[in-house]
Every structure is written in structure tokens, then in C-alpha cells.
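Asks: This one is coords.txt, compact mmCIF, C-alpha atoms.
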```
# COMPACT_ATOMS: atom_id res chain seq x y z
CA MET A 1 6.87 -4.37 8.12
CA ILE A 2 9.59 -1.94 7.17
CA LEU A 3 9.45 0.43 4.22
CA LEU A 4 12.95 0.64 2.76
CA VAL A 5 13.57 3.70 0.58
CA ILE A 6 16.73 3.24 -1.49
CA ASP A 7 18.97 5.91 -3.02
CA MET A 8 16.50 8.77 -3.40
CA GLN A 9 19.45 11.14 -3.58
CA LYS A 10 19.84 14.47 -5.33
CA GLY A 11 22.53 13.11 -7.67
CA ILE A 12 20.37 10.22 -8.87
CA VAL A 13 16.77 11.46 -8.85
CA ASP A 14 16.25 12.96 -12.28
CA GLU A 15 13.33 13.57 -14.64
CA GLU A 16 15.00 11.18 -17.12
CA LEU A 17 13.98 8.25 -14.92
CA TYR A 18 11.29 5.99 -16.36
CA ALA A 19 7.75 7.17 -15.44
CA PHE A 20 9.29 9.89 -13.27
CA ASP A 21 6.13 11.69 -12.11
CA THR A 22 4.21 8.53 -11.19
CA PHE A 23 7.27 7.04 -9.51
CA MET A 24 7.86 10.15 -7.38
CA GLU A 25 4.19 10.50 -6.40
CA ARG A 26 3.93 6.86 -5.38
CA VAL A 27 7.12 6.76 -3.32
CA ALA A 28 6.08 9.95 -1.49
CA LYS A 29 2.57 8.57 -0.85
CA LEU A 30 3.93 5.28 0.54
CA ILE A 31 6.30 7.14 2.87
CA ASP A 32 3.47 9.38 4.07
CA THR A 33 1.13 6.41 4.60
CA ALA A 34 3.79 4.45 6.49
CA ARG A 35 4.50 7.42 8.75
CA LYS A 36 0.81 7.99 9.50
CA ASN A 37 0.39 4.33 10.46
CA GLY A 38 3.52 3.87 12.56
CA VAL A 39 5.35 1.70 10.01
CA GLU A 40 9.12 2.12 10.21
CA VAL A 41 10.65 3.96 7.26
CA PHE A 42 14.34 3.40 6.57
CA PHE A 43 16.39 5.39 4.10
CA MET A 44 19.50 4.11 2.36
CA GLN A 45 22.06 6.33 0.66
CA HIS A 46 24.69 5.14 -1.79
CA ASP A 47 28.24 6.39 -1.24
CA ALA A 48 30.23 5.88 -4.45
CA GLY A 49 33.50 6.95 -2.84
CA PRO A 50 35.83 9.95 -2.88
CA ASP A 51 35.83 12.15 -5.98
CA SER A 52 32.68 10.43 -7.32
CA GLY A 53 30.40 13.39 -6.64
CA LEU A 54 28.17 10.98 -4.72
CA THR A 55 29.81 10.71 -1.33
CA SER A 56 29.13 12.05 2.14
CA GLY A 57 29.53 15.82 2.12
CA ASP A 58 28.50 16.22 -1.53
CA ASP A 59 25.15 17.90 -2.24
CA ALA A 60 24.34 15.09 -4.71
CA PHE A 61 24.68 12.56 -1.87
CA GLU A 62 21.81 14.12 0.13
CA ILE A 63 18.30 12.66 0.08
CA ILE A 64 15.99 14.84 -2.02
CA ASP A 65 14.19 17.55 -0.09
CA GLN A 66 10.71 16.18 -0.92
CA LEU A 67 11.48 12.94 0.95
CA LYS A 68 13.70 14.13 3.79
CA PRO A 69 13.81 11.60 6.62
CA LYS A 70 12.19 12.57 9.90
CA GLU A 71 14.50 12.99 12.88
CA ASP A 72 13.58 9.58 14.35
CA GLU A 73 13.89 7.62 11.06
CA LYS A 74 16.92 5.49 10.39
CA VAL A 75 19.33 6.44 7.60
CA PHE A 76 21.99 3.98 6.49
CA ILE A 77 24.85 4.43 4.05
CA LYS A 78 25.99 1.68 1.71
CA THR A 79 29.04 1.41 -0.52
CA ILE A 80 27.88 -1.60 -2.56
CA ASN A 81 24.60 -2.19 -4.39
CA SER A 82 22.89 -4.33 -1.75
CA CYS A 83 21.59 -2.59 1.35
CA PHE A 84 22.67 -5.67 3.28
CA GLY A 85 26.26 -4.55 2.68
CA ASN A 86 25.69 -2.08 5.52
CA LYS A 87 26.51 -3.96 8.73
CA GLY A 88 24.22 -1.83 10.92
CA PHE A 89 21.24 -2.39 8.62
CA LYS A 90 21.94 -6.11 8.36
CA GLU A 91 22.21 -6.49 12.16
CA TYR A 92 19.06 -4.43 12.80
CA MET A 93 17.11 -6.52 10.32
CA LYS A 94 18.27 -9.79 11.92
CA LYS A 95 16.62 -8.70 15.19
CA GLN A 96 13.22 -8.01 13.59
CA LYS A 97 10.42 -10.51 14.16
CA ASP A 98 8.39 -9.12 11.25
CA LYS A 99 10.20 -10.30 8.12
CA ARG A 100 8.21 -8.18 5.66
CA LEU A 101 10.30 -5.66 3.74
CA MET A 102 8.66 -3.29 1.26
CA ILE A 103 11.34 -1.97 -1.09
CA VAL A 104 11.07 1.22 -3.19
CA GLY A 105 13.52 3.59 -4.86
CA LEU A 106 16.44 3.54 -7.27
CA GLN A 107 17.75 2.02 -9.46
CA THR A 108 15.77 -1.04 -10.50
CA ASN A 109 18.68 -2.80 -12.21
CA TYR A 110 21.32 -1.99 -9.62
CA CYS A 111 20.64 -1.38 -5.94
CA ILE A 112 17.00 -2.47 -5.94
CA ASP A 113 17.87 -5.73 -7.69
CA ALA A 114 20.82 -6.49 -5.40
CA THR A 115 18.75 -5.72 -2.28
CA VAL A 116 15.77 -7.78 -3.46
CA LYS A 117 17.99 -10.80 -4.04
CA SER A 118 19.88 -10.35 -0.75
CA ALA A 119 16.63 -9.98 1.21
CA PHE A 120 15.11 -13.05 -0.43
CA GLU A 121 18.22 -15.12 0.33
CA ARG A 122 17.91 -14.10 3.99
CA GLY A 123 14.29 -15.23 4.22
CA TYR A 124 12.49 -11.89 4.07
CA GLU A 125 9.12 -11.49 2.42
CA VAL A 126 10.01 -8.88 -0.20
CA ILE A 127 7.16 -6.64 -1.31
CA ILE A 128 7.49 -4.58 -4.49
CA PRO A 129 4.63 -2.15 -5.15
CA ASP A 130 3.86 -1.34 -8.77
CA GLY A 131 5.44 1.87 -10.03
CA THR A 132 7.77 2.42 -7.06
CA ASN A 133 11.15 1.59 -8.56
CA SER A 134 12.70 3.16 -11.62
CA THR A 135 15.84 3.51 -13.68
CA PHE A 136 17.30 5.23 -16.72
CA ASP A 137 17.57 4.13 -20.32
CA ASN A 138 20.84 2.29 -20.96
CA ASP A 139 22.74 1.05 -24.02
CA TYR A 140 20.68 -2.16 -24.10
CA MET A 141 17.17 -1.34 -22.88
CA THR A 142 14.91 1.59 -22.22
CA GLY A 143 14.09 2.38 -18.62
CA GLU A 144 10.57 1.06 -19.22
CA ILE A 145 11.78 -2.31 -20.53
CA THR A 146 14.34 -2.58 -17.73
CA VAL A 147 11.72 -1.93 -15.04
CA ARG A 148 9.28 -4.37 -16.62
CA TYR A 149 11.99 -7.02 -17.09
CA TYR A 150 13.01 -6.99 -13.41
CA ASN A 151 9.54 -6.54 -11.94
CA GLU A 152 7.77 -9.07 -14.16
CA ASP A 153 10.50 -11.61 -14.94
CA VAL A 154 13.72 -11.52 -12.89
CA TRP A 155 11.96 -11.15 -9.53
CA GLU A 156 8.89 -13.24 -10.36
CA GLU A 157 9.73 -15.98 -7.84
CA LEU A 158 11.44 -13.69 -5.32
CA VAL A 159 8.92 -10.99 -4.50
CA ASP A 160 5.31 -10.33 -3.70
CA ALA A 161 4.50 -7.92 -6.53
CA VAL A 162 1.50 -5.88 -5.41
CA THR A 163 -0.55 -3.07 -6.87
CA PHE A 164 0.01 0.39 -5.48
CA GLU A 165 -3.39 0.27 -3.78
CA GLU A 166 -2.53 -3.08 -2.13
CA ALA A 167 0.72 -1.56 -0.87
CA LEU A 168 -1.16 1.35 0.69
CA ASP A 169 -3.51 -1.11 2.39
CA MET A 170 -0.55 -3.16 3.70
CA LEU A 171 0.96 -0.05 5.25
CA GLY A 172 -2.36 0.76 6.88
CA GLU A 173 -2.53 -2.56 8.74
```
Can the structure from this file be put into C-alpha cells for me?
Replies:
Amino acid sequence: MILLVIDMQKGIVDEELYAFDTFMERVAKLIDTARKNGVEVFFMQHDAGPDSGLTSGDDAFEIIDQLKPKEDEKVFIKTINSCFGNKGFKEYMKKQKDKRLMIVGLQTNYCIDATVKSAFERGYEVIIPDGTNSTFDNDYMTGEITVRYYNEDVWEELVDAVTFEEALDMLGE
């Protein structure tokens, strides 16, 4: 199994995210549990391009201090919503015998959604732990409704939706 942590960057992580405190605690706990049990943790950063404020070299581009990758953990950069848009990530994943991919991070309705669908199409078992993806309110839905809509409806046939406790157990295997 691989724990994929998506877009936990200074320019995106914000207290306005739905269920911010729970979300942050759970993502941090999953990362810690994975590390303690030898499960690979990958980090993905979104580069929105020059002059966006969210590109390599910008402070907002950096992964938040609370979740800084360890020296031996892989960090990939993507320029489109799906993590599979990064050639290095896609090639690394093709070589893996274990096709379980636990996905956490931001934002539910953008990069998490695109990655979930891309992973499913490639035959991965996609695991989504409860309370470990989030997003902001938008013009059409609150962050809460958006998260519930994707987690409980859009991804219903694509993912193995597990409780937080089940996710911790899976990482302890």
C-alpha cells in the first residue's frame, strides 16, 4: 500500500476548509502511522504555473510544516489535477505489485477527484478514509456538501470508503 498525500501546501491549507481541525488531525495521524509501519508515503504538490503564487519557489507552494516529508519520502509535482499527470509518479506506480492506494488531502472536488478516477481507471484499489479529504465552500455547494457528495455518491463505485479507524488498521498491516 502507498499513502498518497495530495496538495497539503501552504497556499491551499486554510482554516476555511470543511472540518479543518478533524481533517488536519486525521491526515497527520495517517502519515505518522504509515511511517511507523514502513508504509510508503508519497507527497504531491500542485504547480499552477508562473505568476500564480503556487509554483516552485513560492512559499505557498511548499508543503505545510506540520506534514513535511522525510528525507527518504518521494515528492512529486503535478501541473494538472490528476497525480497521474506526473510521468515519474505514473511510471513508479506501474512497477508496484501492491495496487492499493490510500488517498488523502486537497481538494475533494479537484485533485482528489481527478486522482481517484485516474487510479480507478488504471486498476488500483482506491482507499478513501473518512474525514481525510476536504475543500472550500463554492458558489454552488458548501464544503460539507461537496465532501459528502463526492465521498458518498460520485465515488461510491470507485473507492473503498473506510472509517478512520479501519484506515489506521490497514496502515498497521
Asks: Taking all atoms listed in the file into account, produce a table as a Markdown table in which each residue of stretch 1-31 of chain A with an atom at most 10 Å from an atom of stretch 65-80 of chain A appears once, together with its shortest atom pair and the distance in Å to one decimal, ordered by chain and rising number.
Replies:
```
| residue | atom | partner | partner_atom | distance |
| --- | --- | --- | --- | --- |
| A:Leu4 | CA | A:Lys74 | CA | 9.9 |
| A:Val5 | CA | A:Leu67 | CA | 9.5 |
| A:Ile6 | CA | A:Phe76 | CA | 9.6 |
| A:Asp7 | CA | A:Ile77 | CA | 9.3 |
| A:Met8 | CA | A:Leu67 | CA | 7.8 |
| A:Gln9 | CA | A:Asp65 | CA | 9.0 |
| A:Lys10 | CA | A:Asp65 | CA | 8.3 |
| A:Met24 | CA | A:Gln66 | CA | 9.3 |
| A:Val27 | CA | A:Leu67 | CA | 8.7 |
| A:Ala28 | CA | A:Leu67 | CA | 6.6 |
| A:Ile31 | CA | A:Leu67 | CA | 8.0 |
```
Asks: Export, as a PDB file, in the coordinates of the input, the selected residues with C-alpha atoms.
Replies:
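Saved the output as result_3.pdb:
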```
ATOM      1  CA  LEU A   4      12.950   0.640   2.760  1.00  0.00           C
ATOM      2  CA  VAL A   5      13.570   3.700   0.580  1.00  0.00           C
ATOM      3  CA  ILE A   6      16.730   3.240  -1.490  1.00  0.00           C
ATOM      4  CA  ASP A   7      18.970   5.910  -3.020  1.00  0.00           C
ATOM      5  CA  MET A   8      16.500   8.770  -3.400  1.00  0.00           C
ATOM      6  CA  GLN A   9      19.450  11.140  -3.580  1.00  0.00           C
ATOM      7  CA  LYS A  10      19.840  14.470  -5.330  1.00  0.00           C
ATOM      8  CA  MET A  24       7.860  10.150  -7.380  1.00  0.00           C
ATOM      9  CA  VAL A  27       7.120   6.760  -3.320  1.00  0.00           C
ATOM     10  CA  ALA A  28       6.080   9.950  -1.490  1.00  0.00           C
ATOM     11  CA  ILE A  31       6.300   7.140   2.870  1.00  0.00           C
TER      12      ILE A  31
END
```
Asks: Have a look at atom CA of A:Met102 and atom CA of A:Phe136 and let me know their distance in Å, one decimal.
Replies: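 It comes out at 21.7 Å.
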Asks: May I have the residues within 8 Å of A:Lys99 as JSON, numbers by chain, using all atoms listed in the file and disregarding those fewer than 5 positions away in the same chain?
Replies: {"A": [1, 123, 124, 125]}
Asks: Expressed in Å to a single decimal, how great is the separation between atom CA of A:Phe61 and atom CA of A:Gly11?
Replies: 6.2 Å
Asks: I'd like to know which of A:Asp32, A:Glu165, A:Glu157, A:Asp139 is closest to A:Leu3, using only C-alpha atoms.
Replies: A:Asp32
Asks: Would you mind putting back N, CA and C atoms on stretch 18-48 of chain A, then writing it out as a short mmCIF file (atom, residue, chain, number, x, y, z; two decimals), keeping the file's coordinate frame?
Replies:
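What ended up in part-v9.cif:
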```cif
data_model
loop_
_atom_site.label_atom_id
_atom_site.label_comp_id
_atom_site.auth_asym_id
_atom_site.auth_seq_id
_atom_site.Cartn_x
_atom_site.Cartn_y
_atom_site.Cartn_z
N TYR A 18 12.52 6.53 -15.78
CA TYR A 18 11.29 5.99 -16.36
C TYR A 18 10.09 6.35 -15.48
N ALA A 19 9.02 6.84 -16.11
CA ALA A 19 7.75 7.17 -15.44
C ALA A 19 7.99 8.05 -14.21
N PHE A 20 8.82 9.06 -14.38
CA PHE A 20 9.29 9.89 -13.27
C PHE A 20 8.17 10.41 -12.36
N ASP A 21 7.17 11.06 -12.93
CA ASP A 21 6.13 11.69 -12.11
C ASP A 21 5.35 10.66 -11.28
N THR A 22 4.94 9.58 -11.91
CA THR A 22 4.21 8.53 -11.19
C THR A 22 5.08 7.92 -10.11
N PHE A 23 6.32 7.61 -10.46
CA PHE A 23 7.27 7.04 -9.51
C PHE A 23 7.42 7.94 -8.29
N MET A 24 7.66 9.22 -8.49
CA MET A 24 7.86 10.15 -7.38
C MET A 24 6.61 10.26 -6.51
N GLU A 25 5.44 10.38 -7.15
CA GLU A 25 4.19 10.50 -6.40
C GLU A 25 3.95 9.27 -5.54
N ARG A 26 4.20 8.10 -6.10
CA ARG A 26 3.93 6.86 -5.38
C ARG A 26 4.89 6.65 -4.21
N VAL A 27 6.16 6.91 -4.42
CA VAL A 27 7.12 6.76 -3.32
C VAL A 27 6.76 7.71 -2.18
N ALA A 28 6.45 8.96 -2.52
CA ALA A 28 6.08 9.95 -1.49
C ALA A 28 4.82 9.52 -0.75
N LYS A 29 3.83 9.00 -1.47
CA LYS A 29 2.57 8.57 -0.85
C LYS A 29 2.79 7.38 0.08
N LEU A 30 3.65 6.43 -0.33
CA LEU A 30 3.93 5.28 0.54
C LEU A 30 4.64 5.72 1.82
N ILE A 31 5.59 6.63 1.69
CA ILE A 31 6.30 7.14 2.87
C ILE A 31 5.30 7.83 3.82
N ASP A 32 4.46 8.66 3.26
CA ASP A 32 3.47 9.38 4.07
C ASP A 32 2.51 8.41 4.76
N THR A 33 2.05 7.41 4.04
CA THR A 33 1.13 6.41 4.60
C THR A 33 1.81 5.61 5.71
N ALA A 34 3.05 5.20 5.47
CA ALA A 34 3.79 4.45 6.49
C ALA A 34 3.94 5.29 7.75
N ARG A 35 4.32 6.54 7.59
CA ARG A 35 4.50 7.42 8.75
C ARG A 35 3.19 7.58 9.53
N LYS A 36 2.10 7.78 8.83
CA LYS A 36 0.81 7.99 9.50
C LYS A 36 0.36 6.75 10.28
N ASN A 37 0.84 5.58 9.85
CA ASN A 37 0.39 4.33 10.46
C ASN A 37 1.45 3.66 11.32
N GLY A 38 2.51 4.39 11.65
CA GLY A 38 3.52 3.87 12.56
C GLY A 38 4.41 2.77 11.99
N VAL A 39 4.47 2.67 10.65
CA VAL A 39 5.35 1.70 10.01
C VAL A 39 6.74 2.34 9.89
N GLU A 40 7.77 1.59 10.29
CA GLU A 40 9.12 2.12 10.21
C GLU A 40 9.51 2.41 8.76
N VAL A 41 10.13 3.57 8.56
CA VAL A 41 10.65 3.96 7.26
C VAL A 41 12.16 4.09 7.41
N PHE A 42 12.88 3.33 6.60
CA PHE A 42 14.34 3.40 6.57
C PHE A 42 14.77 4.01 5.25
N PHE A 43 15.81 4.81 5.31
CA PHE A 43 16.39 5.39 4.10
C PHE A 43 17.80 4.85 3.93
N MET A 44 18.16 4.58 2.70
CA MET A 44 19.50 4.11 2.36
C MET A 44 20.08 5.08 1.35
N GLN A 45 21.34 5.45 1.58
CA GLN A 45 22.06 6.33 0.66
C GLN A 45 23.27 5.58 0.12
N HIS A 46 23.52 5.77 -1.17
CA HIS A 46 24.69 5.14 -1.79
C HIS A 46 25.87 6.10 -1.77
N ASP A 47 26.99 5.62 -1.23
CA ASP A 47 28.24 6.39 -1.24
C ASP A 47 29.17 5.73 -2.25
N ALA A 48 29.41 6.43 -3.36
CA ALA A 48 30.23 5.88 -4.45
C ALA A 48 31.72 6.12 -4.24
#
```
